[in-house]
Amino acid sequence: MVRIGCIALVLAYIIGMFWWILIQIQNDNEDYFLTKGDNFLTASTPSKLSPLENKESQSRNMIAVFYFAFTTLTTVGFGDLRPYSTFERIFNALILFIGVACFSYIIGNFLNVLDAFDLVLAENEDSDNLSRFFGILQKFNQGRILKKEFTTEIEDYFDYYWSNDKLYSVASEEDLKYFAELPPKIKTEIFKNFLFRSFIQTFKKLFNIRKNKKVQHSYYKWHDDLYSEFMI
């Protein structure tokens with residue numbers, strides 16, 4: 001998260017400095033760009049001196065362009081700083097179009113980090129529940145400490161279970177709601193070839209339902225709708 005935050009700040013700084021360079025080019029070529037009146041730098045400089053001559057205004061404008069770029073990239077846009085000339089508006093739109101795309105990518109990575117963090121918290125919650133379960137066992141055992149081999153065996157079992165539980169992805173009601181929206185063929189493939197593949201292979205004979213008792217090898221298959229619904 002710190003790395004993503006640093007990337008966002010550096011991106012805003014680079015965009016701001018590039019914006020400042022373009023405005024300086026405009027200042028040096030006012031006749032060519034047909035600039036009249038204030039521009040971004042002169043409007044944000046309180047001194048009567050030129051922004052390029054006033055050392056204090058240079059540091060102030062560096063902060064101003066960084067602040068302007070950051071607030072625009074984050075789509076806040078307070079409006080206290082804005083482009084003035086047509087040249088500034090055109091290049092501001094082009095620069096920030098690219099910048100917003102990059103910032104959206106950063107936000108996407110940030111959301112992925114939060115999802116991973118939530119997953120870690122969920123695993124820790126399972127561990128906490130197991131610890132409380134051990135506490136119940138100890139009280140049931142009249143307060144005597146449980147054997148280390150016993151608790152280790154249970155912990156190993158649940159570690160394996162949590163890391164290999166294929167049904168974890170459809171554990172909640174919200175997961176089942178999205179799963180129900182899938183096409184029937186995809187749901188069948190998920191059940192048959194992912195969730196219960198090993199189970200079906202082990203007990204295949206128990207699920208061989210005859211269509212016609214007189215015809216040998218006449219069994220219902222997954223492509224039969226009734227059989228698929230029954231198996232699911």
# chains A, B, ... in the order shown; residues from 1 in each chain; ligands from 1
$ residues_around --residues "region 9-26 of chain A" --least-positions-apart "6" --cutoff "6 Å" --atoms "only C-alpha atoms" --output "PDB file with C-alpha atoms, in the first residue's frame"
ATOM      1  CA  VAL A  65       1.104  22.537 -10.131  1.00  0.00           C
ATOM      2  CA  PHE A  66       1.567  19.428  -7.960  1.00  0.00           C
ATOM      3  CA  ALA A  69      -2.331  17.706 -10.865  1.00  0.00           C
ATOM      4  CA  PHE A  70      -3.111  15.622  -7.767  1.00  0.00           C
TER       5      PHE A  70
END
$ residues_around --residues "Ile232 (chain A)" --least-positions-apart "4" --cutoff "8 Å" --atoms "only C-alpha atoms" --output "list in words"
Thr188, Phe191 and Ser228 of chain A
$ residues_around --residues "region 99-113 of chain A" --least-positions-apart "2" --cutoff "7 Å" --atoms "only C-alpha atoms" --output "number ranges by chain"
A: 1, 4, 8, 73, 95-97, 115-117
$ select_by_dssp --residues "chain A" --states "alpha helix (DSSP H)" --output "PyMOL selection string"
chain A and resi 2-28+30-33+40-43+55-73+86-140+148-164+173-180+184-190+197-202+225-231
$ closest_residue --among "A:Asn27, A:Ile136, A:Asp126, A:Thr72" --to "Tyr161 (chain A)" --atoms "only C-alpha atoms"
A:Asp126
$ residues_around --residues "Tyr219 (chain A)" --least-positions-apart "3" --cutoff "12 Å" --atoms "only C-alpha atoms" --output "list of chain:residue names"
A:Lys204, A:Lys205, A:Leu206, A:Phe207, A:Asn208, A:Ile209, A:Arg210, A:Lys211, A:Asn212, A:Lys213, A:Lys214, A:Val215, A:Gln216, A:Trp222, A:His223, A:Asp224, A:Tyr227
$ write_last_selection --atoms "C-alpha atoms" --output "compact mmCIF listing (two decimals), in the first residue's frame"
# COMPACT_ATOMS: atom_id res chain seq x y z
CA LYS A 204 -19.21 -43.27 -9.83
CA LYS A 205 -21.02 -46.60 -9.61
CA LEU A 206 -23.50 -45.21 -7.12
CA PHE A 207 -24.60 -42.52 -9.60
CA ASN A 208 -25.03 -44.79 -12.63
CA ILE A 209 -28.79 -44.57 -13.03
CA ARG A 210 -30.26 -46.78 -15.76
CA LYS A 211 -32.50 -45.31 -18.42
CA ASN A 212 -33.72 -48.68 -19.63
CA LYS A 213 -33.14 -51.84 -17.60
CA LYS A 214 -33.39 -53.99 -20.70
CA VAL A 215 -30.64 -52.13 -22.57
CA GLN A 216 -27.08 -52.73 -21.38
CA TRP A 222 -24.58 -35.20 -17.54
CA HIS A 223 -26.06 -33.91 -20.79
CA ASP A 224 -29.49 -35.07 -19.58
CA TYR A 227 -29.68 -36.02 -14.33
$ atom_distance --atom1 "CA of Arg144 (chain A)" --atom2 "CA of Tyr157 (chain A)"
22.6 Å
$ residues_around --residues "Lys192 (chain A)" --least-positions-apart "3" --cutoff "10 Å" --atoms "only C-alpha atoms" --output "list of chain:residue names"
A:Ile186, A:Lys187, A:Thr188, A:Glu189, A:Leu195, A:Phe196, A:Arg197, A:Ser198, A:Phe199, A:Ile200, A:Gln201, A:Trp222, A:Ser228, A:Met231, A:Ile232
$ atom_distance --atom1 "CA of Ser172 (chain A)" --atom2 "CA of Leu226 (chain A)"
26.1 Å
$ closest_residue --among "A:Leu146, A:Val170, A:Ile90, A:Leu81" --to "Phe68 (chain A)" --atoms "only C-alpha atoms"
A:Leu81
